[in-house]
Every structure is written in structure tokens, then in C-alpha cells.
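Coordinates from coords28.txt are shown below (compact mmCIF, C-alpha atoms and all ligand atoms).
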# COMPACT_ATOMS: atom_id res chain seq x y z
CA MET L 12 178.17 -118.94 180.90
CA PHE L 13 176.66 -117.04 177.95
CA LEU L 14 172.89 -116.67 178.05
CA LEU L 15 170.84 -115.60 175.06
CA PRO L 16 169.04 -112.29 175.72
CA VAL L 17 165.36 -112.92 176.33
CA PRO L 18 163.24 -110.53 174.25
CA GLU L 19 160.80 -108.51 176.28
CA TYR L 20 157.43 -110.25 176.12
CA MET L 21 154.41 -108.08 175.47
CA GLU L 22 151.24 -109.42 177.06
CA GLY L 23 148.97 -111.08 174.49
CA GLU L 24 151.64 -111.37 171.79
CA PRO L 25 151.69 -114.74 170.05
CA VAL L 26 154.82 -116.77 170.61
CA ASN L 27 153.86 -119.78 168.52
CA VAL L 28 152.57 -119.95 164.96
CA ASN L 29 149.47 -121.85 166.06
CA GLU L 30 148.49 -118.86 168.17
CA PHE L 31 148.27 -116.76 165.01
CA GLN L 32 145.62 -119.11 163.72
CA GLU L 33 143.54 -118.61 166.85
CA LEU L 34 144.01 -114.82 166.63
CA ALA L 35 142.91 -114.94 163.01
CA ARG L 36 139.83 -116.93 163.99
CA GLN L 37 138.93 -114.27 166.55
CA ALA L 38 139.65 -111.33 164.23
CA LEU L 39 138.05 -112.47 160.99
CA PRO L 40 134.40 -112.92 160.08
CA LYS L 41 133.65 -116.66 160.12
CA ILE L 42 133.05 -116.78 156.38
CA TYR L 43 136.57 -115.50 155.65
CA TYR L 44 138.28 -117.54 158.37
CA ASP L 45 136.63 -120.68 157.00
CA TYR L 46 137.72 -119.78 153.49
CA TYR L 47 141.37 -119.35 154.50
CA SER L 48 141.62 -122.33 156.81
CA GLY L 49 139.31 -124.86 155.17
CA GLY L 50 140.04 -127.82 152.96
CA ALA L 51 138.08 -129.66 150.31
CA GLU L 52 135.29 -132.13 151.02
CA ASP L 53 135.54 -133.83 154.42
CA GLU L 54 138.95 -132.22 155.07
CA TYR L 55 140.49 -135.65 155.39
CA THR L 56 143.53 -134.65 153.30
CA LEU L 57 143.89 -131.44 155.31
CA LYS L 58 144.06 -133.47 158.51
CA GLN L 59 146.56 -135.82 156.89
CA ASN L 60 148.73 -132.85 155.89
CA VAL L 61 148.87 -131.63 159.46
CA GLU L 62 149.43 -135.08 160.95
CA ALA L 63 152.19 -135.80 158.46
CA PHE L 64 154.04 -132.75 159.69
CA GLN L 65 153.60 -133.71 163.30
CA GLY L 66 155.19 -137.05 162.50
CA ILE L 67 158.41 -135.50 161.22
CA THR L 68 161.35 -135.76 163.56
CA ILE L 69 164.82 -134.36 163.29
CA ARG L 70 167.96 -136.44 163.48
CA PRO L 71 170.29 -133.91 165.05
CA ARG L 72 174.06 -134.09 164.71
CA ILE L 73 176.07 -132.70 167.59
CA LEU L 74 179.25 -130.67 168.01
CA VAL L 75 178.88 -128.84 164.75
CA ASP L 76 179.88 -125.17 164.73
CA VAL L 77 176.57 -123.35 164.36
CA SER L 78 177.77 -119.93 165.50
CA ARG L 79 177.31 -118.64 161.94
CA ILE L 80 174.29 -119.94 160.06
CA ASP L 81 173.52 -118.92 156.52
CA LEU L 82 170.13 -120.03 155.20
CA SER L 83 170.33 -117.94 152.05
CA THR L 84 169.88 -119.60 148.69
CA THR L 85 168.90 -118.76 145.13
CA VAL L 86 165.74 -119.56 143.20
CA LEU L 87 165.95 -119.16 139.43
CA GLY L 88 169.07 -117.12 140.08
CA TYR L 89 167.46 -114.74 142.58
CA GLN L 90 169.22 -114.56 145.94
CA ILE L 91 166.88 -114.93 148.94
CA SER L 92 167.67 -114.84 152.65
CA VAL L 93 165.88 -118.09 153.60
CA PRO L 94 164.58 -121.02 151.54
CA ILE L 95 161.01 -119.91 152.08
CA LEU L 96 158.85 -118.27 149.45
CA ILE L 97 155.37 -116.86 149.85
CA ALA L 98 153.05 -119.23 148.02
CA PRO L 99 150.19 -117.79 145.98
CA SER L 100 146.98 -117.39 147.90
CA ALA L 101 143.85 -115.62 146.78
CA LYS L 102 141.99 -112.68 148.25
CA HIS L 103 144.30 -111.15 150.84
CA LYS L 104 142.01 -108.14 151.28
CA TRP L 105 139.60 -110.35 153.14
CA ALA L 106 142.27 -110.50 155.85
CA HIS L 107 143.64 -106.97 155.64
CA PRO L 108 142.59 -103.79 153.79
CA GLU L 109 146.00 -103.45 152.11
CA GLY L 110 145.82 -107.00 150.76
CA GLU L 111 148.61 -108.36 148.57
CA VAL L 112 150.45 -105.02 148.55
CA ALA L 113 151.23 -105.52 152.24
CA THR L 114 152.29 -109.11 151.60
CA ALA L 115 154.68 -107.96 148.89
CA ARG L 116 156.20 -105.41 151.28
CA ALA L 117 156.67 -108.21 153.84
CA ALA L 118 158.42 -110.30 151.18
CA ALA L 119 160.73 -107.39 150.38
CA LEU L 120 161.47 -106.89 154.08
CA CYS L 121 162.31 -110.57 154.54
CA ASP L 122 164.35 -110.59 151.36
CA THR L 123 162.38 -113.37 149.75
CA ILE L 124 160.06 -113.94 146.79
CA MET L 125 156.30 -113.49 146.68
CA ILE L 126 154.17 -115.43 144.24
CA LEU L 127 151.12 -113.33 143.46
CA SER L 128 147.89 -115.27 142.99
CA TYR L 129 145.93 -115.01 139.76
CA ARG L 130 142.96 -114.35 142.01
CA SER L 131 144.48 -111.55 144.06
CA THR L 132 142.40 -108.68 145.37
CA CYS L 133 145.08 -106.08 144.51
CA THR L 134 145.99 -105.82 140.85
CA ILE L 135 149.16 -107.07 139.23
CA GLU L 136 150.15 -103.43 138.71
CA GLU L 137 149.40 -102.28 142.28
CA VAL L 138 151.55 -105.03 143.73
CA ALA L 139 154.35 -104.37 141.24
CA SER L 140 154.57 -100.69 142.12
CA SER L 141 154.34 -101.21 145.88
CA CYS L 142 157.91 -102.37 146.55
CA ASN L 143 160.98 -103.95 145.04
CA ALA L 144 160.34 -107.56 146.14
CA VAL L 145 161.13 -110.18 143.54
CA ARG L 146 157.70 -111.37 142.41
CA PHE L 147 156.50 -114.41 140.47
CA PHE L 148 152.99 -114.58 139.04
CA GLN L 149 150.74 -117.60 139.49
CA CYS L 150 148.17 -118.35 136.84
CA TYR L 151 145.41 -120.72 135.86
CA VAL L 152 144.39 -121.24 132.26
CA TYR L 153 140.88 -120.16 131.44
CA LYS L 154 138.79 -121.44 128.57
CA ARG L 155 139.09 -117.88 127.33
CA ARG L 156 142.80 -118.08 126.67
CA ASP L 157 142.89 -114.39 125.77
CA ILE L 158 142.14 -113.60 129.43
CA SER L 159 145.00 -115.74 130.73
CA ALA L 160 147.30 -114.24 128.07
CA ASN L 161 146.23 -110.73 129.06
CA LEU L 162 147.16 -111.30 132.71
CA LEU L 163 150.43 -113.06 131.94
CA GLN L 164 151.57 -110.34 129.60
CA ARG L 165 150.65 -107.65 132.12
CA ALA L 166 152.71 -109.52 134.73
CA GLU L 167 155.67 -109.71 132.38
CA ARG L 168 155.42 -106.00 131.56
CA CYS L 169 155.30 -105.21 135.30
CA GLY L 170 158.55 -107.01 136.00
CA TYR L 171 157.34 -110.30 137.49
CA LYS L 172 160.19 -112.77 137.10
CA ALA L 173 158.47 -116.12 136.52
CA ILE L 174 155.12 -117.70 135.78
CA VAL L 175 153.85 -120.35 138.19
CA LEU L 176 151.18 -122.36 136.38
CA THR L 177 148.92 -124.13 138.85
CA VAL L 178 147.98 -127.48 137.34
CA ASP L 179 146.21 -129.26 140.17
CA SER L 180 142.78 -127.76 139.66
CA PRO L 181 141.07 -128.78 136.44
CA ARG L 182 138.00 -128.32 138.63
CA LEU L 183 138.00 -126.49 141.90
CA GLY L 184 137.67 -128.34 145.19
CA ARG L 185 134.30 -128.65 146.86
CA ARG L 186 134.88 -126.75 150.07
CA GLU L 187 131.92 -127.62 152.20
CA LYS L 188 132.39 -124.80 154.71
CA ASP L 189 132.28 -122.23 151.90
CA ILE L 190 129.11 -123.81 150.57
CA LYS L 191 127.45 -123.67 153.98
CA ASN L 192 128.59 -120.07 154.50
CA LYS L 193 127.08 -119.19 151.08
CA MET L 194 130.38 -117.62 150.18
CA VAL L 195 130.33 -115.08 147.38
CA ASN L 196 133.34 -114.76 145.13
CA PRO L 197 133.99 -111.06 144.53
CA GLN L 198 134.62 -109.37 141.21
CA LEU L 199 138.42 -109.37 141.13
CA LYS L 200 140.07 -106.17 139.93
CA ASN L 201 142.53 -107.96 137.65
CA PHE L 202 139.60 -109.22 135.60
CA GLU L 203 137.67 -105.98 135.32
CA GLY L 204 136.56 -105.44 131.74
CA LEU L 205 137.54 -109.02 130.88
CA ILE L 206 135.21 -111.45 132.63
CA SER L 207 132.92 -111.59 135.64
CA THR L 208 134.50 -113.46 138.54
CA ARG L 209 131.60 -112.83 140.86
CA VAL L 210 129.86 -116.08 141.69
CA SER L 211 127.57 -116.76 144.61
CA THR L 212 126.22 -119.99 145.99
CA ASP L 213 122.75 -118.61 146.40
CA ASP L 214 122.14 -117.30 142.90
CA GLY L 215 120.41 -120.47 141.84
CA SER L 216 123.59 -122.03 140.49
CA LYS L 217 124.54 -125.54 141.48
CA ILE L 218 127.41 -126.29 143.82
CA GLU L 219 129.64 -127.15 140.86
CA ALA L 220 129.30 -123.60 139.59
CA PHE L 221 130.29 -122.31 142.99
CA ASP L 222 133.69 -121.07 141.93
CA ALA L 223 135.46 -120.66 138.63
CA ASN L 224 134.55 -124.10 137.31
CA THR L 225 132.80 -122.61 134.38
CA ALA L 226 135.82 -120.48 133.49
CA PHE L 227 138.67 -122.97 133.95
CA ASP L 228 139.91 -124.88 130.93
CA ALA L 229 139.54 -128.51 131.99
CA SER L 230 141.10 -129.66 128.71
CA LEU L 231 144.50 -128.21 129.66
CA SER L 232 147.23 -130.77 129.00
CA TRP L 233 150.98 -131.12 128.47
CA LYS L 234 150.81 -129.81 124.92
CA ASP L 235 149.55 -126.48 126.25
CA ILE L 236 152.88 -125.73 127.92
CA GLY L 237 154.00 -124.88 124.39
CA TRP L 238 151.15 -122.37 124.15
CA LEU L 239 152.23 -120.82 127.45
CA ARG L 240 155.80 -120.58 126.20
CA SER L 241 154.55 -118.85 123.05
CA ILE L 242 152.96 -116.00 124.99
CA THR L 243 155.63 -115.32 127.60
CA ASN L 244 159.39 -115.13 127.74
CA LEU L 245 159.42 -115.73 131.49
CA PRO L 246 160.56 -118.99 133.10
CA VAL L 247 157.64 -121.35 133.80
CA LEU L 248 157.17 -123.38 137.00
CA LEU L 249 154.44 -126.01 137.37
CA LYS L 250 152.66 -126.03 140.70
CA GLY L 251 150.77 -129.09 141.86
CA VAL L 252 153.05 -131.93 140.76
CA LEU L 253 152.43 -135.01 142.91
CA THR L 254 154.21 -137.91 141.25
CA HIS L 255 157.66 -138.61 139.89
CA GLU L 256 156.11 -139.50 136.52
CA ASP L 257 154.77 -135.98 136.18
CA ALA L 258 158.00 -134.42 137.44
CA ILE L 259 159.84 -136.21 134.66
CA LYS L 260 157.28 -135.09 132.08
CA ALA L 261 157.62 -131.55 133.35
CA VAL L 262 161.32 -131.62 132.69
CA GLU L 263 160.75 -133.21 129.28
CA VAL L 264 158.46 -130.38 128.22
CA GLY L 265 161.08 -127.93 129.38
CA VAL L 266 159.62 -126.21 132.43
CA ASP L 267 162.07 -124.39 134.65
CA GLY L 268 160.94 -125.90 137.96
CA ILE L 269 158.12 -127.61 139.76
CA VAL L 270 156.31 -127.03 143.02
CA VAL L 271 155.32 -130.23 144.80
CA SER L 272 151.96 -129.37 146.27
CA ASN L 273 148.53 -130.73 147.06
CA HIS L 274 147.22 -127.15 147.24
CA GLY L 275 146.99 -127.28 151.02
CA ALA L 276 144.28 -129.94 150.58
CA ARG L 277 141.92 -127.31 149.19
CA GLN L 278 141.35 -128.84 145.77
CA GLY L 279 140.46 -132.43 146.45
CA LYS L 280 142.36 -135.41 147.70
CA GLY L 281 145.91 -135.10 146.42
CA ARG L 282 148.49 -137.23 148.13
CA PHE L 283 149.58 -135.69 151.36
CA TYR L 284 152.86 -133.94 151.78
CA VAL L 285 155.19 -136.49 153.35
CA GLY L 286 154.05 -139.18 150.95
CA ILE L 287 154.96 -136.92 148.09
CA VAL L 288 158.30 -135.99 149.55
CA MET L 289 159.22 -139.59 150.08
CA GLU L 290 158.74 -140.04 146.35
CA LEU L 291 160.56 -136.90 145.29
CA ALA L 292 161.41 -133.62 146.93
CA LEU L 293 162.37 -130.83 144.64
CA LEU L 294 160.54 -127.67 145.42
CA VAL L 295 158.45 -128.54 148.43
CA ASP L 296 155.13 -126.87 149.06
CA LEU L 297 154.36 -127.29 152.74
CA GLY L 298 151.33 -129.45 153.25
CA ALA L 299 150.39 -128.15 156.68
CA PRO L 300 148.87 -124.74 157.07
CA TRP L 301 150.47 -123.83 160.35
CA MET L 302 153.91 -124.71 161.48
CA THR L 303 155.35 -124.48 164.94
CA ASP L 304 158.99 -124.34 164.01
CA ILE L 305 159.99 -123.16 160.57
CA LYS L 306 163.66 -123.80 161.19
CA ALA L 307 162.98 -127.40 162.13
CA THR L 308 161.02 -127.82 158.94
CA ILE L 309 163.82 -126.46 156.84
CA LEU L 310 166.33 -128.74 158.50
CA SER L 311 164.16 -131.81 158.18
CA HIS L 312 163.38 -130.83 154.62
CA GLN L 313 167.05 -130.74 153.78
CA ARG L 314 167.51 -134.13 155.29
CA ARG L 315 164.64 -135.49 153.26
CA PHE L 316 166.07 -133.88 150.20
CA THR L 317 169.27 -135.79 150.69
CA ILE L 318 167.31 -139.00 150.92
CA GLN L 319 165.44 -138.05 147.80
CA ALA L 320 168.59 -137.29 145.91
CA PHE L 321 169.60 -140.84 146.66
CA VAL L 322 166.28 -142.29 145.52
CA ILE L 323 166.31 -140.39 142.27
CA SER L 324 170.04 -140.40 141.72
CA SER L 325 169.71 -142.27 138.45
CA VAL L 326 167.80 -139.30 137.06
CA SER L 327 170.75 -137.00 137.46
CA TRP L 328 169.33 -134.07 135.50
CA ILE L 329 166.70 -133.55 138.16
CA ASN L 330 169.42 -132.47 140.57
CA ILE L 331 170.55 -129.65 138.38
CA CYS L 332 167.09 -128.51 137.37
CA PHE L 333 165.64 -127.76 140.76
CA THR L 334 166.49 -125.97 143.95
CA PRO L 335 165.27 -127.36 147.26
CA VAL L 336 162.98 -124.70 148.58
CA VAL L 337 160.17 -124.71 151.05
CA PHE L 338 157.09 -122.82 149.93
CA LEU L 339 154.97 -121.28 152.64
CA ALA L 340 151.43 -120.04 152.20
CA CYS L 341 149.13 -117.99 154.37
CA THR L 342 151.88 -115.57 155.33
CA SER L 343 149.72 -112.57 154.55
CA LEU L 344 146.99 -113.83 156.80
CA LEU L 345 149.47 -114.11 159.61
CA TYR L 346 151.59 -111.00 159.23
CA THR L 347 149.73 -108.21 157.45
C1 LIG W 1 143.41 -119.09 151.36
C2 LIG W 1 144.24 -119.79 150.32
C3 LIG W 1 144.15 -119.41 149.00
C4 LIG W 1 144.92 -120.01 148.03
N1 LIG W 1 144.88 -119.56 146.75
C5 LIG W 1 145.69 -120.12 145.82
C6 LIG W 1 145.70 -119.60 144.50
O1 LIG W 1 145.01 -118.64 144.17
N2 LIG W 1 146.50 -120.20 143.60
C7 LIG W 1 147.30 -121.26 143.93
O2 LIG W 1 148.02 -121.78 143.08
N3 LIG W 1 147.32 -121.76 145.19
C8 LIG W 1 146.54 -121.21 146.13
N4 LIG W 1 146.56 -121.69 147.42
C9 LIG W 1 147.43 -122.83 147.74
C10 LIG W 1 148.78 -122.38 148.26
O3 LIG W 1 149.56 -121.78 147.26
C11 LIG W 1 149.56 -123.58 148.84
O4 LIG W 1 149.71 -124.54 147.85
C12 LIG W 1 148.82 -124.22 150.02
O5 LIG W 1 148.35 -123.26 150.89
C13 LIG W 1 149.70 -125.20 150.79
O6 LIG W 1 150.50 -124.58 151.70
P1 LIG W 1 150.12 -124.52 153.25
O7 LIG W 1 149.53 -125.82 153.54
O8 LIG W 1 151.42 -124.24 153.94
O9 LIG W 1 149.11 -123.44 153.42
C14 LIG W 1 145.80 -121.07 148.40
C15 LIG W 1 145.89 -121.45 149.73
C16 LIG W 1 145.13 -120.83 150.69
C17 LIG W 1 145.28 -121.28 152.12

Write out the structure in this file as C-alpha cells.
Ligand SMILES: Cc1cc2nc3c(=O)[nH]c(=O)nc-3n(C[C@H](O)[C@H](O)[C@H](O)COP(=O)(O)O)c2cc1C
Amino acid sequence: MFLLPVPEYMEGEPVNVNEFQELARQALPKIYYDYYSGGAEDEYTLKQNVEAFQGITIRPRILVDVSRIDLSTTVLGYQISVPILIAPSAKHKWAHPEGEVATARAAALCDTIMILSYRSTCTIEEVASSCNAVRFFQCYVYKRRDISANLLQRAERCGYKAIVLTVDSPRLGRREKDIKNKMVNPQLKNFEGLISTRVSTDDGSKIEAFDANTAFDASLSWKDIGWLRSITNLPVLLKGVLTHEDAIKAVEVGVDGIVVSNHGARQGKGRFYVGIVMELALLVDLGAPWMTDIKATILSHQRRFTIQAFVISSVSWINICFTPVVFLACTSLLYT
């Protein structure tokens, strides 16, 4: 009988993804741990995200030759080793001194794509020069459009391959833990000389001013995709789509892909992950922050995708526009 070799276990090493979360809780100052792990308001949607994942089961088929498994796929034509991308997440330096540069190196090592957050703690240029990972750049649109244009054009010059426009946050979520911790948003290097990003909860401002609510352009609408197209030649993905109506609109305005996401329940009460996927699954942004078995998720995702293809089969162009991919966030917190 053939037995798989058991890797030597080092005392204290995590063997399950949930253990990383506990290690992070022990290692990080509470204010940062709460920032990374928290959700908006009463965290009801966050709990729903996690529970939805726990409810997913796999319908295994037997006697299939699995001696050679190839999980590689392509996203926007870029070959990656597994259908998992690193989702944009802000402020990696709060978890590790090397910040997003280390995350980009991890992406390169795993042969996948990193989406750099607009609100990163390393600059667009630092991350670009750190390794040869394929990188996308996530952005928000500020009232000061010149600032958004500045960052997008820098990303394009630095060889980022796509723009991921996050559209689920006309106003930022009210994260109660951050409010209680009196979290202070740092001045982000990408914005130096452009705008102050430093905001604190104890500077006399109201809770609504806690984050970038004063800077975000709440009037952003479908017509502005044209504006985005006019300032960049890169493909545009929309992140934060939660209904089939909006997915269809996204295709109509000519975006190159969508990311189904409720922002990890950080920006209010978007519909939770499984509910979204039952409506449509195109690019799937995982709704649970910590997963126990990534492979199981990919398999179940593919099964759901098949179901979705059936549900939306009358809208045949959707099948050719999108690649089924699982987006994973928080990777830097776990691995840097
Ligand atoms: C600490 C943290 C920061 C995030 N920052 C951003 C961001 O700057 N821009 C963005 O579009 N999404 C951001 N997100 C949302 C993620 O891209 C992703 O949608 C979310 O984490 C859901 O995936 P998960 O539940 O597997 O973590 C952030 C998520 C976390 C946890």
C-alpha cells in the first residue's frame, strides 16, 4: 500500500488556517487585529459570511483519476497556477514591516496575481519594483478626480495589468471596533503631496468623518466608467457587484470583468456570499475571512459555477466575458 509521506511537524506550527487567525491575534496590537478582522456595524453580515461557508458541502464523485491535478487557469490572459488571486487589502505594514512588497513577492512565488490596494502602505512604485508578479491595481474614485487619475496613471506606467474599481463603498462602513479603538488612519505614501489621508477619531470629527468619507466621490455612477476608460488603457474590473442586474449593466458599459464581493462585510450589509453566488457566480470574492480548506472551496466553487451557468444560460455572453476565479484576501496578514 502506498502511504503519503507525512511532513515533519514543527511544534507550534499552524496546521489549519484558523490557527493563523489566532496567531495573528496574539502577535498584533489589538487596534490592528481589530482593523483586519472586523466587520461593519454589528458584524451581522460578517457572521453570515462565515456561516454561509460552513454550510457548503461537496458532492464528491468517485473513481476519477486524480493522480495529476492541474488547477492552473488564466485571468485576463495571464496564466496563474491556481484560481486564487490576492484581493486588495489596505495597510499591510500594520501586519509586517515589509508590507505589500512582501505580499507581492508571495504572489510571485505562488505564481498568481496580486491586486494592490489604493490604500496600501508601500507605494505603487515600490511594489512594482519588488518582483515580477503580475499585479492589478485597485482604486476608489475621489471627489478630486485628479488624485485618482494620478494614481491610476502611475500604476499603468509601472506595469500594473488591470484596474479594479471598487464600487461598493460610496461611503465607508461604520466599523465599531475601530471607533472604540480610536483608530488613526495614517498618511499613506501614495498620496504624499496630493491629499492628507490622516484621519483620527479623536480629532473632534464625527464618526462619519472617521475614514475617507470626505474624500470619496459619492456621486460616482455608471456614466463615470467612461471617464475611467478615458484616463487609462488598462482593462477595468468592477469589484463589489452583488446582483445580476448590475452584472449585466457592467457588461453593457464594457468592463472587462467583475468581482462578486460584499467587501468581507466591512462596508455595510451587502448580501452574503452564498446568496450572491446562487444568483450569479462569475469572479467570486470569498465572503469568509478564514478558510479551513482552500481546495474544497475551489471544488465547491466550480460546482456552483456550473449551476450558475445553467441559471444564466440565456445570457450567453456572460460565459465568455468572465473567468471563474476565487479571490482571497488577508493573505499578507497570514503569510508575510
Ligand atoms: C483588512 C482589509 C482591508 C481591505 N482593504 C480593501 C481595500 O483597500 N480595497 C478593496 O477594494 N477591498 C479591501 N478589502 C476587501 C477585500 O478585498 C475582500 O473583498 C474581502 O476581504 C473579502 O474577502 P475575505 O472575506 O476572504 O477576506 C479589505 C479587506 C480587509 C480584510

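Among L:Gln65, L:Thr243, L:Ser140, L:Ser180, the residue with the shortest atom-to-atom distance to ligand LIG 1 (chain W), counting all atoms listed in the file, is L:Ser180.
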
Can you pull out every residue within 12 Å of Asp53 (chain L), counting only C-alpha atoms, but drop anything in the same chain fewer than 2 positions away, and send it as a short mmCIF file (atom, residue, chain, number, x, y, z; two decimals) with C-alpha atoms, in the coordinates of the input?
data_model
loop_
_atom_site.label_atom_id
_atom_site.label_comp_id
_atom_site.auth_asym_id
_atom_site.auth_seq_id
_atom_site.Cartn_x
_atom_site.Cartn_y
_atom_site.Cartn_z
CA GLY L 49 139.31 -124.86 155.17
CA GLY L 50 140.04 -127.82 152.96
CA ALA L 51 138.08 -129.66 150.31
CA TYR L 55 140.49 -135.65 155.39
CA THR L 56 143.53 -134.65 153.30
CA LEU L 57 143.89 -131.44 155.31
CA LYS L 58 144.06 -133.47 158.51
CA GLN L 59 146.56 -135.82 156.89
CA GLY L 184 137.67 -128.34 145.19
CA ARG L 185 134.30 -128.65 146.86
CA ARG L 186 134.88 -126.75 150.07
CA GLU L 187 131.92 -127.62 152.20
CA LYS L 188 132.39 -124.80 154.71
CA ALA L 276 144.28 -129.94 150.58
CA ARG L 277 141.92 -127.31 149.19
CA GLN L 278 141.35 -128.84 145.77
CA GLY L 279 140.46 -132.43 146.45
CA LYS L 280 142.36 -135.41 147.70
#

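Here CA of Gly88 (chain L) is placed at a distance of 12.2 Å from CA of Gly268 (chain L).
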
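Put simply, CA of Lys154 (chain L) is 11.4 Å away from CA of Ile206 (chain L).
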
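CA of Trp238 (chain L) is found 18.0 Å from CA of Tyr129 (chain L).
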
With C-alpha atoms as the atom set, please write region 80-127 of chain L from the structure just given, as a compact mmCIF listing (two decimals), in the first residue's frame.
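Generated file (out.txt):
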# COMPACT_ATOMS: atom_id res chain seq x y z
CA ILE L 80 -4.35 17.64 -10.95
CA ASP L 81 -3.93 20.92 -12.76
CA LEU L 82 -5.57 23.92 -11.09
CA SER L 83 -3.93 26.47 -13.36
CA THR L 84 -6.10 28.93 -15.23
CA THR L 85 -5.88 32.33 -16.89
CA VAL L 86 -7.27 35.69 -15.79
CA LEU L 87 -7.39 38.38 -18.47
CA GLY L 88 -4.96 36.21 -20.40
CA TYR L 89 -2.44 35.85 -17.57
CA GLN L 90 -1.60 32.27 -16.65
CA ILE L 91 -1.78 31.54 -12.90
CA SER L 92 -1.08 28.33 -11.03
CA VAL L 93 -4.34 28.23 -9.01
CA PRO L 94 -7.65 30.08 -9.36
CA ILE L 95 -6.86 32.22 -6.36
CA LEU L 96 -5.84 35.87 -6.52
CA ILE L 97 -4.76 38.10 -3.68
CA ALA L 98 -7.60 40.56 -3.13
CA PRO L 99 -6.77 44.18 -2.38
CA SER L 100 -6.45 44.95 1.29
CA ALA L 101 -5.19 48.14 2.85
CA LYS L 102 -2.28 48.81 5.17
CA HIS L 103 -0.16 45.66 5.14
CA LYS L 104 2.62 47.38 7.10
CA TRP L 105 0.45 47.20 10.18
CA ALA L 106 0.98 43.43 9.99
CA HIS L 107 4.56 43.32 8.77
CA PRO L 108 7.32 45.92 8.27
CA GLU L 109 7.78 44.97 4.60
CA GLY L 110 4.07 45.45 3.89
CA GLU L 111 2.71 44.98 0.37
CA VAL L 112 6.19 44.37 -1.06
CA ALA L 113 6.31 41.07 0.82
CA THR L 114 2.79 40.21 -0.34
CA ALA L 115 3.79 40.83 -3.95
CA ARG L 116 6.80 38.53 -3.53
CA ALA L 117 4.46 35.85 -2.13
CA ALA L 118 2.20 36.28 -5.17
CA ALA L 119 5.20 35.86 -7.48
CA LEU L 120 6.30 32.75 -5.58
CA CYS L 121 2.83 31.21 -5.84
CA ASP L 122 2.57 32.20 -9.48
CA THR L 123 -0.60 34.18 -9.04
CA ILE L 124 -1.83 37.78 -9.26
CA MET L 125 -1.80 40.41 -6.53
CA ILE L 126 -4.28 43.26 -6.54
CA LEU L 127 -2.64 46.20 -4.82
